[in-house]
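*Asks:* For reference, the structure I am asking about is given below.
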Protein chains: 2
Amino acid sequence: MSAATSPSPHVGSRPGGRSARVRAAVHRAVQDLLTDETGELPTIPVVAARAGVHATTVYRRWGDVGELLADVATSRFSGDIVVPDTGTLRGDLVRYACDLAKDLADPDTLTLVRATVGIGGGHGVAACRGEHQRQLEAILERERVRGGRPPSLERTTDAVLAPLYYRAVFTNEPLAPECARNLVTLLLADWSPGLRRRPVDGGN
Amino acid sequence: MSAATSPSPHVGSRPGGRSARVRAAVHRAVQDLLTDETGELPTIPVVAARAGVHATTVYRRWGDVGELLADVATSRFSGDIVVPDTGTLRGDLVRYACDLAKDLADPDTLTLVRATVGIGGGHGVAACRGEHQRQLEAILERERVRGGRPPSLERTTDAVLAPLYYRAVFTNEPLAPECARNLVTLLLADWSPGLRRRPVDGGN
């Protein structure tokens, strides 16, 4: 019931102070443990030991390992750069899809996404998809400002984001840039009846 | 190094015998622990205690918790019924997509899929998607036997399976049957240029 007094006025406040260092060390420990491939799950005591901090510090700050993983995922994905304006919706989407495919093809990222989905619960999955969904929204809004009528966010998510995530998370197939480009072509061919349609995958 | 001798000739051989009972009890314990929502991860000792078997039995049979989850997922999804022949590719795919959406909307199934993705590694994700992918393949093959030219398995997976999995696993939005039906409509409209095209989601 008694409020804990901070051992130092800097804790939890000064950027680059002890609090930030603890967060960085704990995040790094989680990433290291996930990529160790020991097959063991990262638990709070194991993460704390690896990070060189007290387990109670980790429990107090994150509560459980699910919240901790969601925080690592948020921090990992919020650093992603906004897709530059290529001048066209197609160009922006291709760039976005290729960047996402490349990102998800990184084994460390994929391990983090899978672990966060499995252990991070609702917060975890929101942390994984949140930034990618916001970037897509920004691309579609940019097209509207240009005077275009892009497909809805829902349709674009189904056609581009979902297949890339599905392939990365549920298969072990490599995510080639051609695959990402192809998904955008299919979306826009489907959306703009004026565009020339061509078969993109084989029926025979 | 010495080979363990079976305590009974029935172990591991007789269907419905001790081995089958152990497997059923351990599988049930995993499912119970996952749906308990304690936020704690199922570990082998915890699963064994819940199932009322020795932890060494579980370690010997499954090795680690990832393999165990993959086995539970395989058993859960291999029970799925083959989609009945509705007479058309569209009918078969709509039935398939609606069944899958309903399946993934079940909280227990979703919890198992998420945990298996997070903890089960490569075997786990293969266990989750394997049966669904095989069903889709059977539907496309059926259409070929009818003399039709269905889209490829890859295209159908991207257009139907991936969005349903993405929505289920990465969002908390409900999976409505209309959504499943819509995905099939878009796939077939895209695939058969002869079909009447209609806008399916809003651009304004």
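Chain lettering (A, B, ...) mirrors the order of the structure tokens, residue numbering begins at 1 for each chain separately, and ligand numbering begins at 1 in order of display.
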Neighbouring residues of Leu183 of chain B were defined as those with any atom within 10 Å, considering only C-alpha atoms; residues of the same chain fewer than 3 positions away were excluded. Please report them as a VMD selection string.

*Replies:* (chain A and resid 155 158 to 159) or (chain B and resid 93 to 94 97 156 159 to 161 163 to 164 178 to 180 186 to 189 200)

*Asks:* Where does DSSP see alpha helix (DSSP H) in segment 38-195 of chain B, if you list the residues as a CSV table (one decimal) with N, CA, C and O atoms, in the first residue's frame?

*Replies:*
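Saved to selection_39.csv:
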chain,number,residue,atom,x,y,z
B,44,ILE,N,6.3,-27.9,-19.5
B,44,ILE,CA,6.1,-29.4,-19.4
B,44,ILE,C,5.8,-29.8,-18.0
B,44,ILE,O,4.8,-30.5,-17.8
B,45,PRO,N,6.5,-29.3,-16.9
B,45,PRO,CA,6.1,-29.7,-15.6
B,45,PRO,C,4.6,-29.4,-15.2
B,45,PRO,O,3.9,-30.2,-14.6
B,46,VAL,N,4.2,-28.2,-15.7
B,46,VAL,CA,2.9,-27.7,-15.3
B,46,VAL,C,1.8,-28.6,-16.1
B,46,VAL,O,0.8,-29.0,-15.5
B,47,VAL,N,2.1,-28.8,-17.4
B,47,VAL,CA,1.2,-29.7,-18.2
B,47,VAL,C,1.1,-31.1,-17.6
B,47,VAL,O,0.0,-31.6,-17.4
B,48,ALA,N,2.3,-31.6,-17.2
B,48,ALA,CA,2.3,-33.0,-16.7
B,48,ALA,C,1.5,-33.1,-15.4
B,48,ALA,O,0.7,-34.0,-15.2
B,49,ALA,N,1.7,-32.1,-14.5
B,49,ALA,CA,1.0,-32.1,-13.2
B,49,ALA,C,-0.5,-32.0,-13.5
B,49,ALA,O,-1.3,-32.8,-12.9
B,50,ARG,N,-0.9,-31.2,-14.4
B,50,ARG,CA,-2.4,-31.0,-14.7
B,50,ARG,C,-3.0,-32.3,-15.3
B,50,ARG,O,-4.1,-32.7,-15.0
B,51,ALA,N,-2.1,-33.0,-16.1
B,51,ALA,CA,-2.6,-34.3,-16.8
B,51,ALA,C,-2.5,-35.5,-15.8
B,51,ALA,O,-3.0,-36.5,-16.2
B,55,ALA,N,6.4,-35.9,-15.4
B,55,ALA,CA,7.0,-34.9,-16.4
B,55,ALA,C,7.9,-35.7,-17.3
B,55,ALA,O,8.0,-35.4,-18.5
B,56,THR,N,8.6,-36.7,-16.8
B,56,THR,CA,9.6,-37.4,-17.6
B,56,THR,C,8.9,-38.2,-18.8
B,56,THR,O,9.4,-38.3,-19.9
B,57,THR,N,7.6,-38.6,-18.5
B,57,THR,CA,6.8,-39.2,-19.6
B,57,THR,C,6.6,-38.2,-20.7
B,57,THR,O,6.7,-38.6,-21.9
B,58,VAL,N,6.3,-37.0,-20.3
B,58,VAL,CA,6.0,-36.0,-21.3
B,58,VAL,C,7.3,-35.6,-22.1
B,58,VAL,O,7.3,-35.5,-23.3
B,59,TYR,N,8.4,-35.4,-21.3
B,59,TYR,CA,9.7,-35.1,-22.0
B,59,TYR,C,10.1,-36.1,-23.0
B,59,TYR,O,10.5,-35.9,-24.1
B,60,ARG,N,9.9,-37.4,-22.5
B,60,ARG,CA,10.3,-38.5,-23.4
B,60,ARG,C,9.5,-38.6,-24.7
B,60,ARG,O,10.1,-38.9,-25.7
B,61,ARG,N,8.3,-38.3,-24.6
B,61,ARG,CA,7.4,-38.5,-25.7
B,61,ARG,C,7.4,-37.3,-26.7
B,61,ARG,O,7.3,-37.4,-27.9
B,62,TRP,N,7.5,-36.0,-26.1
B,62,TRP,CA,7.4,-34.8,-26.9
B,62,TRP,C,8.7,-34.0,-27.0
B,62,TRP,O,8.8,-33.1,-27.8
B,65,VAL,N,8.1,-28.3,-25.1
B,65,VAL,CA,6.7,-27.8,-25.1
B,65,VAL,C,6.3,-27.3,-26.6
B,65,VAL,O,5.1,-27.4,-26.9
B,66,GLY,N,7.3,-27.0,-27.4
B,66,GLY,CA,7.0,-26.6,-28.8
B,66,GLY,C,6.5,-27.8,-29.5
B,66,GLY,O,5.5,-27.7,-30.3
B,67,GLU,N,7.1,-28.9,-29.4
B,67,GLU,CA,6.7,-30.1,-30.1
B,67,GLU,C,5.3,-30.6,-29.6
B,67,GLU,O,4.5,-31.1,-30.4
B,68,LEU,N,5.2,-30.4,-28.3
B,68,LEU,CA,3.9,-30.8,-27.7
B,68,LEU,C,2.7,-30.0,-28.3
B,68,LEU,O,1.7,-30.5,-28.7
B,69,LEU,N,2.9,-28.7,-28.4
B,69,LEU,CA,1.9,-27.8,-28.9
B,69,LEU,C,1.6,-28.1,-30.4
B,69,LEU,O,0.5,-28.1,-30.9
B,70,ALA,N,2.7,-28.4,-31.1
B,70,ALA,CA,2.6,-28.8,-32.6
B,70,ALA,C,1.7,-30.0,-32.7
B,70,ALA,O,0.9,-30.1,-33.6
B,71,ASP,N,1.9,-31.0,-31.8
B,71,ASP,CA,1.2,-32.2,-31.8
B,71,ASP,C,-0.3,-32.0,-31.5
B,71,ASP,O,-1.2,-32.5,-32.1
B,72,VAL,N,-0.6,-31.1,-30.5
B,72,VAL,CA,-1.9,-30.8,-30.2
B,72,VAL,C,-2.6,-30.1,-31.3
B,72,VAL,O,-3.8,-30.4,-31.7
B,73,ALA,N,-1.9,-29.2,-32.0
B,73,ALA,CA,-2.5,-28.5,-33.2
B,73,ALA,C,-2.8,-29.4,-34.3
B,73,ALA,O,-3.8,-29.4,-34.9
B,74,THR,N,-1.8,-30.3,-34.6
B,74,THR,CA,-2.0,-31.3,-35.6
B,74,THR,C,-3.3,-32.1,-35.4
B,74,THR,O,-4.1,-32.3,-36.2
B,75,SER,N,-3.4,-32.6,-34.1
B,75,SER,CA,-4.6,-33.4,-33.8
B,75,SER,C,-5.8,-32.6,-33.8
B,75,SER,O,-6.9,-33.1,-34.3
B,76,ARG,N,-5.8,-31.3,-33.4
B,76,ARG,CA,-7.0,-30.5,-33.5
B,76,ARG,C,-7.4,-30.2,-34.9
B,76,ARG,O,-8.6,-30.3,-35.2
B,77,PHE,N,-6.5,-29.9,-35.8
B,77,PHE,CA,-6.9,-29.5,-37.1
B,77,PHE,C,-7.1,-30.7,-38.1
B,77,PHE,O,-7.8,-30.6,-39.1
B,78,SER,N,-6.5,-31.9,-37.8
B,78,SER,CA,-6.6,-33.0,-38.7
B,78,SER,C,-8.0,-33.6,-38.6
B,78,SER,O,-8.4,-34.4,-39.4
B,89,LEU,N,-17.0,-24.5,-58.1
B,89,LEU,CA,-15.8,-24.0,-57.4
B,89,LEU,C,-16.2,-22.9,-56.4
B,89,LEU,O,-15.8,-22.9,-55.3
B,90,ARG,N,-17.1,-22.0,-56.9
B,90,ARG,CA,-17.5,-20.9,-56.0
B,90,ARG,C,-18.2,-21.4,-54.7
B,90,ARG,O,-17.9,-21.0,-53.6
B,91,GLY,N,-19.1,-22.4,-54.9
B,91,GLY,CA,-19.8,-22.9,-53.8
B,91,GLY,C,-18.8,-23.6,-52.8
B,91,GLY,O,-18.9,-23.4,-51.6
B,92,ASP,N,-17.9,-24.4,-53.4
B,92,ASP,CA,-16.9,-25.1,-52.5
B,92,ASP,C,-16.1,-24.1,-51.7
B,92,ASP,O,-15.8,-24.3,-50.5
B,93,LEU,N,-15.6,-23.1,-52.4
B,93,LEU,CA,-14.7,-22.1,-51.8
B,93,LEU,C,-15.5,-21.3,-50.7
B,93,LEU,O,-14.9,-21.0,-49.6
B,94,VAL,N,-16.7,-20.9,-51.0
B,94,VAL,CA,-17.5,-20.2,-50.0
B,94,VAL,C,-17.7,-21.0,-48.8
B,94,VAL,O,-17.5,-20.6,-47.6
B,95,ARG,N,-18.1,-22.3,-49.0
B,95,ARG,CA,-18.3,-23.2,-47.9
B,95,ARG,C,-17.0,-23.3,-47.1
B,95,ARG,O,-17.0,-23.3,-45.8
B,96,TYR,N,-15.9,-23.5,-47.8
B,96,TYR,CA,-14.6,-23.6,-47.1
B,96,TYR,C,-14.2,-22.4,-46.3
B,96,TYR,O,-13.8,-22.5,-45.1
B,97,ALA,N,-14.4,-21.2,-46.9
B,97,ALA,CA,-14.0,-20.0,-46.3
B,97,ALA,C,-14.9,-19.7,-45.1
B,97,ALA,O,-14.4,-19.3,-44.0
B,98,CYS,N,-16.2,-20.0,-45.2
B,98,CYS,CA,-17.1,-19.8,-44.0
B,98,CYS,C,-16.8,-20.7,-42.9
B,98,CYS,O,-16.8,-20.3,-41.7
B,99,ASP,N,-16.5,-22.0,-43.2
B,99,ASP,CA,-16.1,-23.0,-42.2
B,99,ASP,C,-14.8,-22.5,-41.5
B,99,ASP,O,-14.7,-22.6,-40.3
B,100,LEU,N,-13.8,-22.1,-42.3
B,100,LEU,CA,-12.6,-21.7,-41.7
B,100,LEU,C,-12.8,-20.4,-40.8
B,100,LEU,O,-12.2,-20.3,-39.7
B,101,ALA,N,-13.6,-19.5,-41.3
B,101,ALA,CA,-13.8,-18.3,-40.5
B,101,ALA,C,-14.5,-18.6,-39.2
B,101,ALA,O,-14.1,-18.1,-38.1
B,102,LYS,N,-15.4,-19.6,-39.2
B,102,LYS,CA,-16.1,-20.0,-38.0
B,102,LYS,C,-15.2,-20.7,-37.1
B,102,LYS,O,-15.2,-20.4,-35.8
B,103,ASP,N,-14.3,-21.5,-37.6
B,103,ASP,CA,-13.3,-22.3,-36.8
B,103,ASP,C,-12.4,-21.3,-36.1
B,103,ASP,O,-12.1,-21.4,-34.9
B,104,LEU,N,-11.8,-20.3,-36.9
B,104,LEU,CA,-10.9,-19.4,-36.3
B,104,LEU,C,-11.5,-18.4,-35.4
B,104,LEU,O,-10.8,-17.7,-34.6
B,107,PRO,N,-12.7,-19.0,-29.7
B,107,PRO,CA,-11.6,-18.5,-28.9
B,107,PRO,C,-10.6,-19.6,-28.5
B,107,PRO,O,-9.4,-19.3,-28.5
B,108,ASP,N,-11.1,-20.8,-28.3
B,108,ASP,CA,-10.1,-21.9,-27.9
B,108,ASP,C,-9.2,-22.2,-29.1
B,108,ASP,O,-8.0,-22.4,-28.9
B,109,THR,N,-9.8,-22.3,-30.3
B,109,THR,CA,-9.0,-22.6,-31.5
B,109,THR,C,-7.9,-21.5,-31.7
B,109,THR,O,-6.8,-21.7,-31.9
B,110,LEU,N,-8.4,-20.2,-31.6
B,110,LEU,CA,-7.5,-19.1,-31.8
B,110,LEU,C,-6.4,-19.1,-30.8
B,110,LEU,O,-5.2,-18.8,-31.1
B,111,THR,N,-6.7,-19.4,-29.5
B,111,THR,CA,-5.6,-19.4,-28.5
B,111,THR,C,-4.6,-20.5,-28.8
B,111,THR,O,-3.4,-20.3,-28.7
B,112,LEU,N,-5.1,-21.6,-29.3
B,112,LEU,CA,-4.2,-22.7,-29.7
B,112,LEU,C,-3.3,-22.3,-30.9
B,112,LEU,O,-2.1,-22.5,-30.8
B,113,VAL,N,-3.9,-21.7,-31.9
B,113,VAL,CA,-3.1,-21.3,-33.0
B,113,VAL,C,-2.1,-20.3,-32.6
B,113,VAL,O,-0.9,-20.4,-33.0
B,114,ARG,N,-2.5,-19.2,-31.8
B,114,ARG,CA,-1.5,-18.2,-31.4
B,114,ARG,C,-0.4,-18.8,-30.6
B,114,ARG,O,0.8,-18.5,-30.9
B,115,ALA,N,-0.7,-19.7,-29.7
B,115,ALA,CA,0.3,-20.3,-28.8
B,115,ALA,C,1.3,-21.2,-29.7
B,115,ALA,O,2.5,-21.2,-29.5
B,116,THR,N,0.7,-21.9,-30.6
B,116,THR,CA,1.5,-22.8,-31.4
B,116,THR,C,2.4,-22.0,-32.3
B,116,THR,O,3.6,-22.4,-32.5
B,117,VAL,N,1.9,-20.9,-32.9
B,117,VAL,CA,2.8,-20.0,-33.7
B,117,VAL,C,4.0,-19.5,-32.8
B,117,VAL,O,5.1,-19.5,-33.3
B,118,GLY,N,3.6,-19.1,-31.6
B,118,GLY,CA,4.7,-18.5,-30.8
B,118,GLY,C,5.7,-19.5,-30.2
B,118,GLY,O,6.8,-19.2,-30.0
B,119,ILE,N,5.2,-20.7,-29.9
B,119,ILE,CA,6.0,-21.6,-29.1
B,119,ILE,C,6.4,-22.9,-29.9
B,119,ILE,O,7.4,-23.5,-29.7
B,121,GLY,N,7.3,-23.2,-33.1
B,121,GLY,CA,8.3,-23.1,-34.1
B,121,GLY,C,7.8,-23.6,-35.5
B,121,GLY,O,6.6,-23.5,-35.8
B,122,GLY,N,8.7,-24.1,-36.3
B,122,GLY,CA,8.3,-24.5,-37.7
B,122,GLY,C,7.3,-25.6,-37.7
B,122,GLY,O,6.4,-25.6,-38.5
B,123,HIS,N,7.5,-26.6,-36.8
B,123,HIS,CA,6.5,-27.7,-36.8
B,123,HIS,C,5.1,-27.2,-36.4
B,123,HIS,O,4.1,-27.6,-36.9
B,124,GLY,N,5.1,-26.2,-35.5
B,124,GLY,CA,3.8,-25.7,-35.0
B,124,GLY,C,3.1,-25.0,-36.1
B,124,GLY,O,1.9,-25.2,-36.3
B,125,VAL,N,3.7,-24.1,-36.9
B,125,VAL,CA,3.0,-23.4,-37.9
B,125,VAL,C,2.6,-24.3,-39.0
B,125,VAL,O,1.5,-24.2,-39.6
B,126,ALA,N,3.4,-25.3,-39.3
B,126,ALA,CA,3.0,-26.3,-40.3
B,126,ALA,C,1.8,-27.1,-39.9
B,126,ALA,O,0.9,-27.3,-40.7
B,127,ALA,N,1.7,-27.4,-38.6
B,127,ALA,CA,0.6,-28.1,-38.0
B,127,ALA,C,-0.7,-27.2,-38.2
B,127,ALA,O,-1.8,-27.8,-38.4
B,128,CYS,N,-0.6,-25.9,-38.0
B,128,CYS,CA,-1.8,-25.1,-38.0
B,128,CYS,C,-2.3,-24.9,-39.4
B,128,CYS,O,-3.5,-25.0,-39.7
B,129,ARG,N,-1.4,-24.7,-40.4
B,129,ARG,CA,-1.8,-24.4,-41.7
B,129,ARG,C,-2.0,-25.7,-42.6
B,129,ARG,O,-2.8,-25.7,-43.6
B,130,GLY,N,-1.3,-26.8,-42.2
B,130,GLY,CA,-1.3,-28.0,-43.1
B,130,GLY,C,-2.6,-28.5,-43.6
B,130,GLY,O,-2.8,-28.5,-44.8
B,131,GLU,N,-3.5,-28.7,-42.7
B,131,GLU,CA,-4.8,-29.3,-43.1
B,131,GLU,C,-5.6,-28.4,-43.9
B,131,GLU,O,-6.2,-28.7,-44.9
B,132,HIS,N,-5.6,-27.1,-43.6
B,132,HIS,CA,-6.3,-26.1,-44.3
B,132,HIS,C,-5.8,-25.9,-45.7
B,132,HIS,O,-6.6,-25.7,-46.7
B,133,GLN,N,-4.5,-26.0,-45.9
B,133,GLN,CA,-3.9,-25.9,-47.2
B,133,GLN,C,-4.3,-27.2,-48.0
B,133,GLN,O,-4.6,-27.0,-49.2
B,134,ARG,N,-4.3,-28.3,-47.4
B,134,ARG,CA,-4.6,-29.6,-48.1
B,134,ARG,C,-6.1,-29.5,-48.6
B,134,ARG,O,-6.4,-30.0,-49.7
B,135,GLN,N,-6.9,-29.0,-47.7
B,135,GLN,CA,-8.4,-28.9,-48.1
B,135,GLN,C,-8.5,-28.1,-49.4
B,135,GLN,O,-9.3,-28.4,-50.3
B,136,LEU,N,-7.8,-26.9,-49.3
B,136,LEU,CA,-7.9,-26.0,-50.5
B,136,LEU,C,-7.4,-26.7,-51.7
B,136,LEU,O,-8.0,-26.5,-52.8
B,137,GLU,N,-6.3,-27.4,-51.6
B,137,GLU,CA,-5.8,-28.1,-52.8
B,137,GLU,C,-6.8,-29.1,-53.3
B,137,GLU,O,-7.0,-29.2,-54.5
B,138,ALA,N,-7.5,-29.8,-52.4
B,138,ALA,CA,-8.5,-30.8,-52.9
B,138,ALA,C,-9.7,-30.1,-53.6
B,138,ALA,O,-10.2,-30.6,-54.6
B,139,ILE,N,-10.1,-28.9,-53.1
B,139,ILE,CA,-11.1,-28.2,-53.8
B,139,ILE,C,-10.7,-27.7,-55.2
B,139,ILE,O,-11.5,-27.8,-56.2
B,140,LEU,N,-9.5,-27.3,-55.3
B,140,LEU,CA,-9.0,-26.8,-56.7
B,140,LEU,C,-8.9,-28.0,-57.6
B,140,LEU,O,-9.2,-27.9,-58.8
B,141,GLU,N,-8.4,-29.2,-57.1
B,141,GLU,CA,-8.3,-30.4,-57.9
B,141,GLU,C,-9.7,-30.9,-58.4
B,141,GLU,O,-9.8,-31.3,-59.5
B,142,ARG,N,-10.6,-30.8,-57.5
B,142,ARG,CA,-12.0,-31.2,-57.8
B,142,ARG,C,-12.5,-30.3,-59.0
B,142,ARG,O,-13.2,-30.8,-59.9
B,143,GLU,N,-12.2,-29.0,-59.0
B,143,GLU,CA,-12.6,-28.2,-60.1
B,143,GLU,C,-11.9,-28.6,-61.4
B,143,GLU,O,-12.5,-28.5,-62.5
B,144,ARG,N,-10.6,-29.0,-61.3
B,144,ARG,CA,-9.9,-29.4,-62.5
B,144,ARG,C,-10.5,-30.7,-63.1
B,144,ARG,O,-10.7,-30.8,-64.3
B,145,VAL,N,-11.0,-31.6,-62.2
B,145,VAL,CA,-11.6,-32.8,-62.6
B,145,VAL,C,-12.9,-32.5,-63.3
B,145,VAL,O,-13.3,-33.1,-64.3
B,153,LEU,N,-3.1,-22.7,-56.3
B,153,LEU,CA,-3.1,-22.8,-54.9
B,153,LEU,C,-2.5,-21.5,-54.2
B,153,LEU,O,-3.1,-21.0,-53.2
B,154,GLU,N,-1.5,-21.0,-54.8
B,154,GLU,CA,-0.8,-19.9,-54.2
B,154,GLU,C,-1.7,-18.7,-54.2
B,154,GLU,O,-1.9,-18.0,-53.2
B,155,ARG,N,-2.4,-18.5,-55.4
B,155,ARG,CA,-3.3,-17.3,-55.5
B,155,ARG,C,-4.5,-17.4,-54.5
B,155,ARG,O,-4.9,-16.5,-53.9
B,156,THR,N,-5.0,-18.6,-54.4
B,156,THR,CA,-6.2,-18.9,-53.6
B,156,THR,C,-5.8,-18.7,-52.1
B,156,THR,O,-6.5,-18.2,-51.3
B,162,ALA,N,-5.1,-16.5,-46.4
B,162,ALA,CA,-4.2,-15.5,-45.7
B,162,ALA,C,-5.0,-14.4,-45.0
B,162,ALA,O,-4.8,-14.1,-43.8
B,163,PRO,N,-6.0,-13.7,-45.7
B,163,PRO,CA,-6.8,-12.7,-45.0
B,163,PRO,C,-7.5,-13.2,-43.8
B,163,PRO,O,-7.6,-12.5,-42.8
B,164,LEU,N,-8.1,-14.4,-43.9
B,164,LEU,CA,-8.8,-15.0,-42.7
B,164,LEU,C,-7.9,-15.2,-41.6
B,164,LEU,O,-8.2,-14.9,-40.4
B,165,TYR,N,-6.7,-15.8,-41.9
B,165,TYR,CA,-5.7,-16.1,-40.8
B,165,TYR,C,-5.2,-14.7,-40.2
B,165,TYR,O,-5.1,-14.6,-39.0
B,166,TYR,N,-5.0,-13.8,-41.1
B,166,TYR,CA,-4.4,-12.5,-40.6
B,166,TYR,C,-5.4,-11.8,-39.7
B,166,TYR,O,-5.1,-11.4,-38.6
B,167,ARG,N,-6.7,-11.8,-40.1
B,167,ARG,CA,-7.7,-11.1,-39.3
B,167,ARG,C,-7.9,-11.8,-38.0
B,167,ARG,O,-8.0,-11.2,-36.9
B,168,ALA,N,-7.9,-13.2,-38.0
B,168,ALA,CA,-8.1,-13.9,-36.8
B,168,ALA,C,-6.9,-13.7,-35.8
B,168,ALA,O,-7.1,-13.4,-34.6
B,169,VAL,N,-5.7,-13.9,-36.4
B,169,VAL,CA,-4.5,-14.0,-35.5
B,169,VAL,C,-4.0,-12.6,-35.1
B,169,VAL,O,-3.6,-12.4,-34.0
B,170,PHE,N,-4.1,-11.6,-36.0
B,170,PHE,CA,-3.5,-10.3,-35.7
B,170,PHE,C,-4.5,-9.2,-35.4
B,170,PHE,O,-4.1,-8.1,-35.1
B,177,PRO,N,-19.3,-14.3,-41.7
B,177,PRO,CA,-19.4,-15.1,-42.9
B,177,PRO,C,-19.4,-14.3,-44.2
B,177,PRO,O,-18.9,-14.7,-45.2
B,178,GLU,N,-19.9,-13.0,-44.1
B,178,GLU,CA,-19.9,-12.1,-45.3
B,178,GLU,C,-18.5,-11.8,-45.7
B,178,GLU,O,-18.2,-11.7,-46.9
B,179,CYS,N,-17.7,-11.7,-44.7
B,179,CYS,CA,-16.3,-11.3,-45.0
B,179,CYS,C,-15.6,-12.5,-45.8
B,179,CYS,O,-15.0,-12.3,-46.8
B,180,ALA,N,-15.9,-13.7,-45.4
B,180,ALA,CA,-15.3,-14.9,-46.0
B,180,ALA,C,-15.9,-15.0,-47.5
B,180,ALA,O,-15.1,-15.3,-48.4
B,181,ARG,N,-17.2,-14.8,-47.6
B,181,ARG,CA,-17.8,-14.9,-48.9
B,181,ARG,C,-17.3,-13.8,-49.9
B,181,ARG,O,-17.0,-14.1,-51.0
B,182,ASN,N,-17.1,-12.6,-49.3
B,182,ASN,CA,-16.5,-11.5,-50.1
B,182,ASN,C,-15.1,-11.8,-50.7
B,182,ASN,O,-14.8,-11.4,-51.8
B,183,LEU,N,-14.3,-12.5,-49.9
B,183,LEU,CA,-13.0,-12.8,-50.3
B,183,LEU,C,-13.0,-13.7,-51.5
B,183,LEU,O,-12.2,-13.6,-52.5
B,184,VAL,N,-13.9,-14.7,-51.5
B,184,VAL,CA,-14.1,-15.6,-52.6
B,184,VAL,C,-14.6,-14.9,-53.8
B,184,VAL,O,-14.1,-15.1,-54.9
B,185,THR,N,-15.6,-14.0,-53.6
B,185,THR,CA,-16.1,-13.2,-54.8
B,185,THR,C,-15.0,-12.4,-55.4
B,185,THR,O,-14.9,-12.4,-56.7
B,186,LEU,N,-14.1,-11.8,-54.6
B,186,LEU,CA,-13.0,-11.0,-55.2
B,186,LEU,C,-12.0,-11.8,-56.0
B,186,LEU,O,-11.6,-11.5,-57.0
B,187,LEU,N,-11.7,-13.0,-55.4
B,187,LEU,CA,-10.8,-13.9,-56.0
B,187,LEU,C,-11.3,-14.3,-57.4
B,187,LEU,O,-10.6,-14.3,-58.4
B,188,LEU,N,-12.6,-14.7,-57.4
B,188,LEU,CA,-13.1,-15.3,-58.7
B,188,LEU,C,-13.4,-14.2,-59.7
B,188,LEU,O,-13.2,-14.4,-60.9
B,189,ALA,N,-13.8,-13.0,-59.2
B,189,ALA,CA,-14.0,-11.9,-60.2
B,189,ALA,C,-12.6,-11.5,-60.8
B,189,ALA,O,-12.5,-11.2,-62.0
B,190,ASP,N,-11.6,-11.6,-60.0
B,190,ASP,CA,-10.3,-11.2,-60.5
B,190,ASP,C,-9.8,-12.3,-61.4
B,190,ASP,O,-9.1,-12.0,-62.4
B,191,TRP,N,-10.2,-13.6,-61.2
B,191,TRP,CA,-9.6,-14.7,-61.9
B,191,TRP,C,-10.4,-14.9,-63.3
B,191,TRP,O,-9.8,-15.2,-64.3

*Asks:* Could you please determine the separation between atom CA of Arg28 of chain B and atom CA of Thr43 of chain A in Å, to one decimal place?

*Replies:* 23.6 Å

*Asks:* Report, in Å to a single decimal, how far apart atom CA of Gly17 of chain B and atom CA of Gly52 of chain B are.

*Replies:*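 Between atom CA of Gly52 of chain B and atom CA of Gly17 of chain B the gap is 16.1 Å.
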
*Asks:* For atom CA of Leu175 of chain B and atom CA of Asp36 of chain B, quote the distance in Å rounded to one decimal.

*Replies:*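 Between atom CA of Leu175 of chain B and atom CA of Asp36 of chain B the gap is 23.0 Å.
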
*Asks:* Using only C-alpha atoms, pick whichever of A:Arg146, A:Val53, A:Pro42, A:Pro174 has the shortest atom-to-atom distance to chain B.

*Replies:*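 Of A:Arg146, A:Val53, A:Pro42, A:Pro174, the one nearest chain B is A:Pro42, counting only C-alpha atoms.
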